[in-house]
Each structure stands twice: as C-alpha cells, then as structure tokens.
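Below is entry-v2.cif, which holds mmCIF, C-alpha atoms.
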data_my_file
loop_
_atom_site.label_atom_id
_atom_site.label_comp_id
_atom_site.auth_asym_id
_atom_site.auth_seq_id
_atom_site.Cartn_x
_atom_site.Cartn_y
_atom_site.Cartn_z
CA MET A 1 93.01 98.12 94.18
CA ASN A 2 92.44 99.58 90.71
CA MET A 3 95.09 101.19 88.52
CA SER A 4 94.39 104.78 89.59
CA GLN A 5 94.61 103.84 93.26
CA LYS A 6 97.94 102.13 92.61
CA TYR A 7 99.34 105.26 90.98
CA ILE A 8 98.06 107.47 93.79
CA ALA A 9 99.66 105.16 96.34
CA SER A 10 102.92 105.16 94.36
CA ILE A 11 102.96 108.96 94.15
CA LYS A 12 102.33 109.23 97.90
CA ARG A 13 105.20 106.83 98.46
CA GLU A 14 107.53 108.95 96.32
CA ILE A 15 106.55 112.13 98.18
CA TRP A 16 107.05 110.38 101.53
CA GLU A 17 110.46 109.02 100.51
CA HIS A 18 111.67 112.37 99.17
CA GLN A 19 109.75 114.78 101.39
CA GLY A 20 112.98 116.55 102.30
CA ALA A 21 113.60 117.56 98.70
CA PHE A 22 110.00 117.99 97.55
CA ILE A 23 108.43 119.65 100.60
CA LYS A 24 111.06 120.91 103.04
CA VAL A 25 113.35 122.56 100.50
CA PRO A 26 110.66 124.91 99.07
CA ILE A 27 109.50 125.81 102.59
CA ILE A 28 113.04 126.58 103.76
CA VAL A 29 113.71 128.70 100.66
CA MET A 30 110.43 130.61 101.17
CA VAL A 31 111.34 131.38 104.78
CA ILE A 32 114.86 132.52 103.82
CA LEU A 33 113.59 134.75 101.00
CA ALA A 34 110.90 136.24 103.25
CA VAL A 35 113.44 137.06 105.98
CA VAL A 36 115.85 138.58 103.46
CA LEU A 37 113.03 140.65 101.96
CA ILE A 38 111.83 141.95 105.33
CA VAL A 39 115.33 142.78 106.56
CA GLY A 40 116.19 144.37 103.23
CA GLY A 41 113.03 146.45 103.38
CA ILE A 42 113.84 147.74 106.86
CA ILE A 43 117.41 148.64 105.88
CA GLY A 44 116.28 150.10 102.56
CA SER A 45 113.63 152.30 104.17
CA HIS A 46 116.27 153.69 106.54
CA TYR A 47 118.61 154.68 103.71
CA ALA A 48 115.69 155.94 101.63
CA LYS A 49 114.85 158.46 104.35
CA ILE A 50 118.47 159.68 104.38
CA ALA A 51 118.50 159.93 100.58
CA GLN A 52 115.18 161.81 100.60
CA TYR A 53 116.58 164.34 103.09
CA ASP A 54 119.72 164.88 101.01
CA TYR A 55 117.71 165.19 97.82
CA ALA A 56 115.64 168.04 99.27
CA PHE A 57 118.59 170.39 98.93
CA SER A 58 120.52 171.34 95.81
CA SER A 59 124.28 171.80 95.62
CA TYR A 60 126.02 175.11 95.83
CA GLU A 61 125.13 177.42 92.99
CA GLN A 62 127.41 180.13 91.61
CA ILE A 63 125.76 183.57 91.53
CA GLU A 64 126.71 186.70 89.57
CA ASP A 65 128.75 188.44 92.29
CA GLY A 66 131.05 185.46 92.69
CA GLY A 67 129.64 184.36 96.03
CA ASP A 68 128.09 181.04 96.88
CA ALA A 69 124.53 180.67 97.97
CA ARG A 70 122.89 177.49 99.09
CA VAL A 71 119.67 177.09 97.20
CA PHE A 72 116.95 175.30 99.12
CA GLU A 73 114.55 173.99 96.58
CA TYR A 74 112.23 171.00 96.36
CA ALA A 75 111.85 169.07 93.20
CA ASP A 76 108.22 169.99 92.61
CA LYS A 77 108.14 168.29 89.24
CA VAL A 78 109.41 164.95 90.56
CA VAL A 79 107.14 165.05 93.59
CA GLY A 80 104.23 165.84 91.32
CA GLU A 81 105.01 162.89 89.08
CA VAL A 82 105.17 160.58 92.07
CA ASN A 83 101.85 161.83 93.39
CA ASP A 84 100.31 161.43 89.97
CA THR A 85 101.63 157.86 89.77
CA TRP A 86 100.06 156.91 93.08
CA GLY A 87 96.84 158.70 92.22
CA ALA A 88 95.13 159.35 88.90
CA VAL A 89 97.56 159.22 85.98
CA PRO A 90 96.96 161.97 83.42
CA ASP A 91 96.93 161.22 79.70
CA ASP A 92 100.36 162.77 79.07
CA GLU A 93 101.94 160.30 81.55
CA LEU A 94 100.32 157.13 80.21
CA SER A 95 103.71 155.74 79.18
CA LEU A 96 104.87 155.87 82.81
CA SER A 97 101.84 153.82 83.83
CA LEU A 98 102.52 151.21 81.14
CA ASP A 99 106.16 150.92 82.19
CA THR A 100 105.00 150.43 85.77
CA GLN A 101 102.64 147.66 84.67
CA ARG A 102 105.50 145.86 82.92
CA GLU A 103 107.59 146.17 86.08
CA PHE A 104 104.76 144.68 88.14
CA GLY A 105 104.45 141.82 85.63
CA GLY A 106 108.17 141.17 85.91
CA VAL A 107 108.01 141.14 89.70
CA SER A 108 105.09 138.69 89.58
CA ARG A 109 107.18 136.30 87.48
CA VAL A 110 110.16 136.29 89.85
CA PRO A 111 108.79 133.73 92.39
CA PHE A 112 107.83 131.31 89.62
CA ILE A 113 111.24 131.61 87.96
CA VAL A 114 113.06 131.14 91.28
CA PHE A 115 111.09 128.09 92.43
CA ASP A 116 111.04 126.54 88.95
CA HIS A 117 114.83 126.66 88.75
CA LEU A 118 115.12 125.41 92.30
CA MET A 119 112.84 122.44 91.69
CA ALA A 120 114.53 121.76 88.32
CA ILE A 121 117.69 121.00 90.28
CA VAL A 122 115.67 118.82 92.66
CA ILE A 123 114.08 116.93 89.74
CA PHE A 124 117.47 116.40 88.11
CA MET A 125 118.93 114.87 91.26
CA TYR A 126 115.76 112.85 91.85
CA LEU A 127 115.75 111.31 88.37
CA LEU A 128 119.41 110.38 88.59
CA SER A 129 118.98 108.63 91.93
CA CYS A 130 115.42 107.25 91.99
CA LEU A 131 116.18 104.01 90.10
CA TYR A 132 119.79 103.77 91.21
CA ASP A 133 119.53 104.07 94.99
CA ASP A 134 117.08 101.22 95.50
CA ARG A 135 119.41 98.94 93.52
CA LYS A 136 122.39 100.13 95.51
CA ASN A 137 120.78 99.46 98.90
CA SER A 138 118.90 96.35 97.63
CA SER A 139 115.51 97.80 98.59
CA ILE A 140 114.42 96.99 95.04
CA LEU A 141 113.86 93.41 96.24
CA PHE A 142 111.23 94.69 98.65
CA TRP A 143 109.49 96.84 96.03
CA LYS A 144 109.46 93.90 93.63
CA SER A 145 107.48 91.92 96.19
CA LEU A 146 104.64 94.46 95.94
CA PRO A 147 101.85 94.18 93.34
CA VAL A 148 103.30 97.01 91.24
CA SER A 149 104.84 96.42 87.83
CA GLU A 150 108.15 97.97 86.84
CA ALA A 151 106.41 99.81 84.01
CA GLN A 152 104.11 101.45 86.54
CA ASN A 153 107.07 102.17 88.79
CA VAL A 154 108.98 103.93 86.01
CA PHE A 155 105.90 105.79 84.81
CA THR A 156 105.31 107.03 88.36
CA LYS A 157 108.76 108.63 88.26
CA VAL A 158 107.77 110.35 85.02
CA ILE A 159 104.58 111.68 86.60
CA MET A 160 106.56 112.97 89.58
CA ALA A 161 109.04 114.81 87.34
CA THR A 162 106.53 116.23 84.86
CA LEU A 163 103.47 117.01 87.00
CA VAL A 164 103.75 116.54 90.75
CA VAL A 165 107.02 118.32 91.53
CA PRO A 166 106.32 121.22 89.09
CA PHE A 167 102.91 121.60 90.75
CA ILE A 168 104.60 121.80 94.16
CA ALA A 169 106.95 124.48 92.75
CA TRP A 170 103.95 126.37 91.30
CA CYS A 171 102.14 126.29 94.66
CA ALA A 172 105.27 127.48 96.48
CA ALA A 173 105.73 130.31 93.97
CA LEU A 174 102.08 131.33 94.27
CA ILE A 175 102.26 131.39 98.09
CA PHE A 176 105.42 133.48 98.01
CA GLY A 177 103.84 135.71 95.35
CA VAL A 178 100.91 136.37 97.68
CA PHE A 179 103.43 137.24 100.41
CA LEU A 180 105.15 139.68 98.03
CA LEU A 181 101.80 141.27 97.20
CA LEU A 182 100.92 141.69 100.88
CA TYR A 183 104.40 143.10 101.48
CA ALA A 184 103.89 145.63 98.67
CA VAL A 185 100.45 146.58 99.99
CA LEU A 186 101.88 147.13 103.47
CA GLY A 187 104.69 149.25 102.05
CA ALA A 188 102.19 151.28 100.04
CA ALA A 189 100.01 151.81 103.10
CA LEU A 190 103.01 153.02 105.12
CA SER A 191 104.25 155.30 102.34
CA GLY A 192 101.66 157.95 103.09
CA HIS A 193 100.78 158.49 99.41
CA GLU A 194 97.08 158.78 98.75
CA GLY A 195 95.84 155.97 96.53
CA ALA A 196 99.03 153.91 96.89
CA VAL A 197 97.28 150.76 98.10
CA GLY A 198 94.71 150.96 95.33
CA PHE A 199 97.48 151.39 92.76
CA VAL A 200 99.31 148.27 93.94
CA LEU A 201 96.15 146.18 93.98
CA ARG A 202 95.05 147.52 90.60
CA GLU A 203 98.37 146.92 88.86
CA GLN A 204 99.26 143.55 90.42
CA MET A 205 99.34 140.70 87.91
CA LEU A 206 99.90 137.72 90.20
CA MET A 207 96.91 135.57 89.25
CA GLY A 208 97.25 136.30 85.54
CA VAL A 209 100.92 135.33 85.61
CA ALA A 210 100.15 132.22 87.69
CA ILE A 211 97.58 131.03 85.13
CA GLN A 212 100.05 131.63 82.29
CA TYR A 213 102.63 129.54 84.14
CA VAL A 214 100.23 126.58 84.22
CA GLY A 215 100.40 126.47 80.43
CA THR A 216 104.17 126.92 80.48
CA LEU A 217 104.64 124.09 82.98
CA LEU A 218 102.52 121.73 80.88
CA ALA A 219 104.49 122.69 77.77
CA THR A 220 107.75 122.17 79.66
CA ALA A 221 106.61 118.75 80.84
CA LEU A 222 105.97 117.64 77.25
CA TRP A 223 109.09 119.23 75.84
CA LEU A 224 111.50 117.74 78.41
CA LEU A 225 110.23 114.15 78.12
CA PRO A 226 113.34 113.01 76.17
CA LEU A 227 115.65 114.46 78.83
CA ILE A 228 113.59 112.91 81.63
CA ALA A 229 113.60 109.53 79.89
CA TRP A 230 117.37 109.73 79.38
CA LEU A 231 118.01 110.40 83.06
CA LEU A 232 115.75 107.50 84.07
CA LEU A 233 117.52 105.19 81.64
CA VAL A 234 120.88 106.17 83.11
CA SER A 235 119.55 105.74 86.64
CA ALA A 236 118.37 102.22 85.78
CA TYR A 237 121.64 101.31 84.03
CA ALA A 238 124.54 102.86 85.95
CA LYS A 239 126.35 100.87 88.61
CA ASN A 240 128.32 103.88 89.85
CA ALA A 241 129.03 107.53 88.99
CA VAL A 242 125.49 108.18 87.76
CA PHE A 243 126.15 111.84 86.97
CA LEU A 244 129.10 110.98 84.73
CA HIS A 245 127.06 108.31 82.95
CA ALA A 246 124.42 110.95 82.24
CA THR A 247 126.69 113.75 81.04
CA LEU A 248 129.80 112.20 79.45
CA PRO A 249 128.00 110.50 76.52
CA LEU A 250 126.31 113.78 75.58
CA VAL A 251 129.55 115.74 75.88
CA GLY A 252 131.34 113.04 73.86
CA VAL A 253 128.83 113.21 71.01
CA VAL A 254 129.11 117.00 70.88
CA MET A 255 132.92 116.89 70.85
CA ILE A 256 133.09 114.20 68.17
CA GLU A 257 130.71 116.11 65.91
CA SER A 258 132.65 119.32 66.42
CA ILE A 259 136.07 117.72 65.73
CA VAL A 260 135.09 115.40 62.86
CA PHE A 261 132.41 117.42 61.07
CA GLY A 262 133.04 120.94 62.36
CA SER A 263 129.35 121.42 63.17
CA ASN A 264 127.33 121.91 66.36
CA GLY A 265 123.96 120.32 65.55
CA PHE A 266 123.93 118.02 68.58
CA ALA A 267 125.02 120.89 70.84
CA ARG A 268 122.01 122.92 69.70
CA LEU A 269 119.76 119.86 70.03
CA PHE A 270 120.85 119.07 73.58
CA GLY A 271 120.88 122.75 74.49
CA CYS A 272 117.22 123.31 73.62
CA TYR A 273 116.30 120.61 76.15
CA ILE A 274 118.79 121.52 78.85
CA LEU A 275 117.92 125.23 78.57
CA ASN A 276 114.20 124.51 78.05
CA THR A 277 113.92 126.90 75.12
CA GLY A 278 111.20 125.01 73.24
CA PRO A 279 111.19 124.43 69.48
CA ASN A 280 111.05 128.11 68.47
CA GLY A 281 112.53 130.02 71.38
CA SER A 282 115.95 131.39 72.21
CA SER A 283 115.46 131.65 75.98
CA ASN A 284 113.99 129.57 78.77
CA MET A 285 110.21 129.31 78.46
CA MET A 286 109.85 130.11 82.15
CA TYR A 287 111.07 133.67 81.59
CA ASP A 288 108.03 134.60 79.50
CA PRO A 289 105.07 132.34 80.41
CA SER A 290 102.36 131.63 77.85
CA TRP A 291 99.82 128.98 76.93
CA TRP A 292 100.94 129.34 73.31
CA TYR A 293 103.99 127.20 74.05
CA LEU A 294 101.70 124.16 74.09
CA ARG A 295 100.58 124.88 70.54
CA ASP A 296 104.14 125.45 69.33
CA ILE A 297 105.35 122.19 70.88
CA LEU A 298 102.47 120.05 69.63
CA LEU A 299 102.99 121.42 66.10
CA SER A 300 106.73 120.77 66.23
CA ALA A 301 108.15 117.72 64.44
CA GLN A 302 111.03 117.71 66.91
CA PHE A 303 108.60 117.08 69.76
CA TRP A 304 107.09 114.00 68.11
CA VAL A 305 110.50 112.59 67.21
CA GLY A 306 111.62 113.27 70.78
CA LEU A 307 108.47 111.59 72.09
CA ILE A 308 109.31 108.42 70.15
CA ALA A 309 112.88 108.56 71.48
CA ALA A 310 111.57 109.07 75.02
CA GLY A 311 109.30 106.05 74.65
CA GLY A 312 112.28 103.93 73.59
CA MET A 313 114.41 105.07 76.50
CA LEU A 314 111.60 104.46 78.98
CA TRP A 315 111.15 100.96 77.56
CA GLY A 316 114.88 100.44 78.10
CA ALA A 317 114.58 101.59 81.72
CA VAL A 318 111.71 99.16 82.33
CA TYR A 319 113.66 96.33 80.70
CA LEU A 320 116.70 97.00 82.88
CA ARG A 321 114.52 97.09 85.98
CA GLU A 322 113.01 93.73 85.14
CA ASN A 323 116.12 91.87 83.99
CA ARG A 324 119.33 93.55 85.14
CA PHE A 325 118.58 95.41 88.32
CA GLU A 326 121.42 94.24 90.56
CA ILE A 327 124.58 96.24 91.22
#
Starting from the file, give its structure as structure tokens.
Amino acid sequence: MNMSQKYIASIKREIWEHQGAFIKVPIIVMVILAVVLIVGGIIGSHYAKIAQYDYAFSSYEQIEDGGDARVFEYADKVVGEVNDTWGAVPDDELSLSLDTQREFGGVSRVPFIVFDHLMAIVIFMYLLSCLYDDRKNSSILFWKSLPVSEAQNVFTKVIMATLVVPFIAWCAALIFGVFLLLYAVLGAALSGHEGAVGFVLREQMLMGVAIQYVGTLLATALWLLPLIAWLLLVSAYAKNAVFLHATLPLVGVVMIESIVFGSNGFARLFGCYILNTGPNGSSNMMYDPSWWYLRDILLSAQFWVGLIAAGGMLWGAVYLRENRFEI
C-alpha cells in the first residue's frame, strides 16, 4: 500500500468513525430547514393573500362636506412596478433591478454561511476529541498496531479539518441552495406574473457564489492552521477537561496582557483566528466569499509566522502521540 492509499484509507476511517457528525448532521439540518421553509411558505402565502385584499382598499377619506366616503382604489403605480420587475425592466428602474440582484446574491450565500458555521462547530468538537478519545478508551493501542505512523495519523486529522469536512459542508450548502432555487422557481410559477420564472432563473447567482466559496474555503483552511494545530496539540496532551485546556491558556494570556500592560494585542490576534477574519478583514470571510482572500493570506507575514507556529504545534502533537499517549 503506497502513501496515497494509506491516506485515503485513513480518511475513510475517520468518516466512518464520525459519520454521525460529518454526514448525518448536515442531512438532518437540511431536512429541518426544508420543512421549515415549506411550512413557512404555506403560512406566508395565506397571510399574503389577506394582506393583498386589505391593501386593495384605502382608509376613510375626509371630503369637503364633512362626510366620510370609502375610496376604493388600486395602487396602479405599485402594481405597475411589480409587473415591470417580473417582466422587462425599463431604464428608469434599473436601480430596482440592481438591488434585486444584490438580494439574490445574499440569498445564495445563506446556505453556505449556515452550513459553514454548523460544520465549524463539528470541526471544533472533532479536533478536541480525535486524539483524546482513543487514549481515553485505550483504542490507541489498536491503531498503533497498524502500519500507520503517528505523523500520518495527525496529518490525516488536519486534512479532515481543512479539506474533507469543509467540502462536505460545501456540498450540503450547494444541495440546499439548489432546493432553494427550485422553491423560488415554483413560487414564481404559482405567482401568476408573466416572466416571473425567467426572472428568477436569470437573476439567480447560486453557481457563481458556490465557486467563490471554494476560494474562501481554501483561504480559510490556510488561515486557521494555527488554531487547528493548537486544538490537536491540546487533544494529544490533555488527560481530562479538554475544552478547558484549550480555552483557559488563551483567556489567561489575554487577561495578563490586559492587566499588566493595558493592551489587547493577543486578544486581537486570537480573535482574527477564532472569528476567521483573515489578515485584512473585519468580518468573517464566509460572509463575503472571494478568491482574493487566498492572495491576501499568502502575502501576509502573519500567515507565514502562524504556519511556522502550526508546524511546531503539530510536531508536539506527534511527539506526544509517540511517547506520552496514555491517560
């Protein structure tokens, strides 16, 4: 068995061992979101019909002789704008079309944001437990009997956290995005507006957003290597309370710096990894996907320093696995 076959076998083993978290959780969340969306659409359409009926009539209007007359008028201007939106958009309403495109782009990002955050929690729990649990239940003795080095074992965990699980989240988001698109097309077809289906299909940005998220996920994988390595080191070291071992040292460093020096440099440093803001950003990279994040990260000195630190922590995890693995 060559090296690539060993890694493939190790990755399959990880997926099999954690199929509940990696496979079943995204499927369950997709089903729940789909049911909520369908039920919400049915309830929303019911109240929309009531609101449309009420909107067809204006309130009482005072006339000159002091009497009240109910004015029955239809909002021709609003109805015209809606019809224009679903059909051909004139030049004087181009801004409405551009706003609609931005809304469609935002909707296309929602599944990727949801499943990325969901799988980020899964990855966090996986990294904390993957090297700890097999020491706790002594199954590490069995894995050590296999022709797989501890370096390969640790590196497999890195591959799972940086590539495999994010790819599963991307696939789940894409599948749910296709469901959202079909749901929107069905709603447009049932709306009765001429050209509605064509508008939805023309303005949808699902595939473009999905391709942009590939670049963002690769950038995130590189950027979060120090955090991933830290969690693996803690998982290989801790004999109990893994979560506290992972968080208390970071909190302690931040508090000491704040009390002694009155600064927050470490808080900002840890925050840019925990919040996944990248070297130049102020918000999570997943909120605005782009391939340019890869360039920004590779040109950042912080990334290369973090890469060296990640290498040291991964070496420490391998050393602990080889020499001090018992609990």
Task: Nearest to Lys239 (chain A) by atom-to-atom distance, counting only C-alpha atoms, from A:Met125, A:Leu131, A:Ala221, A:Ala309 - done: A:Leu131
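Take the candidates A:Met313, A:Glu322, A:Ala9, A:Ser235 and check each one against Asp134 (chain A) using all atoms listed in the file; the shortest distance goes to A:Ser235.
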TODO: Enter the distance from CA of Leu206 (chain A) to CA of Val107 (chain A), in Å, rounded to one decimal.
DONE: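 One can read the CA of Leu206 (chain A) to CA of Val107 (chain A) distance as 8.8 Å.
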Open item on the list: Take the PyMOL selection byres ((chain A and resi 141-155) around 10), run it mentally on this structure, and tell me the resulting residues as JSON, numbers by chain.
Closed with: {"A": [1, 3, 6, 7, 10, 11, 130, 131, 134, 135, 137, 138, 139, 140, 156, 157, 158, 159, 160, 161, 229, 232, 233, 236, 314, 315, 317, 318, 319, 320, 321, 322, 325, 326]}
Could you please take those selected residues and save C-alpha atoms as a compact mmCIF listing (two decimals), in the frame of the given file?
# COMPACT_ATOMS: atom_id res chain seq x y z
CA MET A 1 93.01 98.12 94.18
CA MET A 3 95.09 101.19 88.52
CA LYS A 6 97.94 102.13 92.61
CA TYR A 7 99.34 105.26 90.98
CA SER A 10 102.92 105.16 94.36
CA ILE A 11 102.96 108.96 94.15
CA CYS A 130 115.42 107.25 91.99
CA LEU A 131 116.18 104.01 90.10
CA ASP A 134 117.08 101.22 95.50
CA ARG A 135 119.41 98.94 93.52
CA ASN A 137 120.78 99.46 98.90
CA SER A 138 118.90 96.35 97.63
CA SER A 139 115.51 97.80 98.59
CA ILE A 140 114.42 96.99 95.04
CA THR A 156 105.31 107.03 88.36
CA LYS A 157 108.76 108.63 88.26
CA VAL A 158 107.77 110.35 85.02
CA ILE A 159 104.58 111.68 86.60
CA MET A 160 106.56 112.97 89.58
CA ALA A 161 109.04 114.81 87.34
CA ALA A 229 113.60 109.53 79.89
CA LEU A 232 115.75 107.50 84.07
CA LEU A 233 117.52 105.19 81.64
CA ALA A 236 118.37 102.22 85.78
CA LEU A 314 111.60 104.46 78.98
CA TRP A 315 111.15 100.96 77.56
CA ALA A 317 114.58 101.59 81.72
CA VAL A 318 111.71 99.16 82.33
CA TYR A 319 113.66 96.33 80.70
CA LEU A 320 116.70 97.00 82.88
CA ARG A 321 114.52 97.09 85.98
CA GLU A 322 113.01 93.73 85.14
CA PHE A 325 118.58 95.41 88.32
CA GLU A 326 121.42 94.24 90.56
Open item on the list: What's the separation between CA of Leu218 (chain A) and CA of Tyr293 (chain A), in Å to one decimal place?
Closed with: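 If I compute the distance from CA of Leu218 (chain A) to CA of Tyr293 (chain A), I get 8.9 Å.
CA of Val164 (chain A) is positioned 12.5 Å from CA of Asp116 (chain A).
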Open item on the list: I need the residue nearest Gly271 (chain A) from this list: A:Leu250, A:Ala169, A:Val197, A:Ile28. Use all atoms listed in the file for the distance.
Closed with: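 Checking each of A:Leu250, A:Ala169, A:Val197, A:Ile28 against Gly271 (chain A), counting all atoms listed in the file, the winner is A:Leu250.
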I'd like the box whose edges run along x, y and z of the file and which contains every listed atom of region 27-42 of chain A, padded by 5 Å per side; could you state its centre and edge lengths in Å, one decimal, as lines of an AutoDock Vina configuration file?
center_x = 112.8
center_y = 136.8
center_z = 103.8
size_x = 16.7
size_y = 31.9
size_z = 16.2
Task: Proximity to Asp133 (chain A) - best of A:Ile43, A:Ala241, A:Ala219, A:Thr162, all atoms listed in the file - done: A:Ala241
TODO: Point out the residue among A:Ile23, A:Met255, A:Met285, A:Ala120 with the least atom-to-atom distance to Tyr213 (chain A), counting all atoms listed in the file.
DONE: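 Checking each of A:Ile23, A:Met255, A:Met285, A:Ala120 against Tyr213 (chain A), counting all atoms listed in the file, the winner is A:Met285.
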Task: Ground truth for the PyMOL selection byres ((chain A and resi 119) around 9), written as a list in words - done: Ala21, Phe22, Val25, Pro26, Val114, Phe115, Asp116, His117, Leu118, Ala120, Ile121, Val122, Ile123, Phe124, Val165, Pro166, Ile168 and Ala169 of chain A
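Considering only C-alpha atoms, the residue among A:Val253, A:Ile259, A:Val214, A:Ile274 positioned nearest to Trp291 (chain A) is A:Val214.
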Show which residues sit within 9 Å of Gly187 (chain A), as a PDB file with C-alpha atoms, in the coordinates of the input. Count all atoms listed in the file, and ignore same-chain residues fewer than 4 positions away.
ATOM      1  CA  GLY A  41     113.030 146.450 103.380  1.00  0.00           C
ATOM      2  CA  LEU A 182     100.920 141.690 100.880  1.00  0.00           C
ATOM      3  CA  TYR A 183     104.400 143.100 101.480  1.00  0.00           C
ATOM      4  CA  SER A 191     104.250 155.300 102.340  1.00  0.00           C
ATOM      5  CA  ALA A 196      99.030 153.910  96.890  1.00  0.00           C
ATOM      6  CA  VAL A 197      97.280 150.760  98.100  1.00  0.00           C
TER       7      VAL A 197
END
TODO: Excluding Leu33 (chain A) and any residue of its chain fewer than 6 positions from it, enumerate the residues within 12 Å of it, using all atoms listed in the file, and give them as a list in words.
DONE: Pro26, Ile27, Val39, Gly40, Gly41, Val110, Pro111, Val114, Phe115, Ala172, Ala173, Phe176, Gly177, Phe179 and Leu180 of chain A
Using only C-alpha atoms, please write the residues we just selected to a file, as a short mmCIF file (atom, residue, chain, number, x, y, z; two decimals), keeping the file's coordinate frame.
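As a result, out-v1.cif now contains:
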data_model
loop_
_atom_site.label_atom_id
_atom_site.label_comp_id
_atom_site.auth_asym_id
_atom_site.auth_seq_id
_atom_site.Cartn_x
_atom_site.Cartn_y
_atom_site.Cartn_z
CA PRO A 26 110.66 124.91 99.07
CA ILE A 27 109.50 125.81 102.59
CA VAL A 39 115.33 142.78 106.56
CA GLY A 40 116.19 144.37 103.23
CA GLY A 41 113.03 146.45 103.38
CA VAL A 110 110.16 136.29 89.85
CA PRO A 111 108.79 133.73 92.39
CA VAL A 114 113.06 131.14 91.28
CA PHE A 115 111.09 128.09 92.43
CA ALA A 172 105.27 127.48 96.48
CA ALA A 173 105.73 130.31 93.97
CA PHE A 176 105.42 133.48 98.01
CA GLY A 177 103.84 135.71 95.35
CA PHE A 179 103.43 137.24 100.41
CA LEU A 180 105.15 139.68 98.03
#
TODO: Enumerate, as a list in words, the residues matched when the PyMOL selection byres ((chain A and resi 245) around 12) is run on the file above.
DONE: Leu128, Tyr132, Trp230, Leu231, Leu232, Leu233, Val234, Ser235, Ala236, Tyr237, Ala238, Lys239, Asn240, Ala241, Val242, Phe243, Leu244, Ala246, Thr247, Leu248, Pro249, Leu250, Val251 and Gly252 of chain A
- [ ] With a distance cut-off of 12 Å and only C-alpha atoms, select the neighbouring residues of Gly281 (chain A), excluding the residue or stretch itself and same-chain residues fewer than 3 positions from it, and output the selection as a ChimeraX atom specification.
- [x] /A:268,271-273,275-278,284-289,292-293,296-297
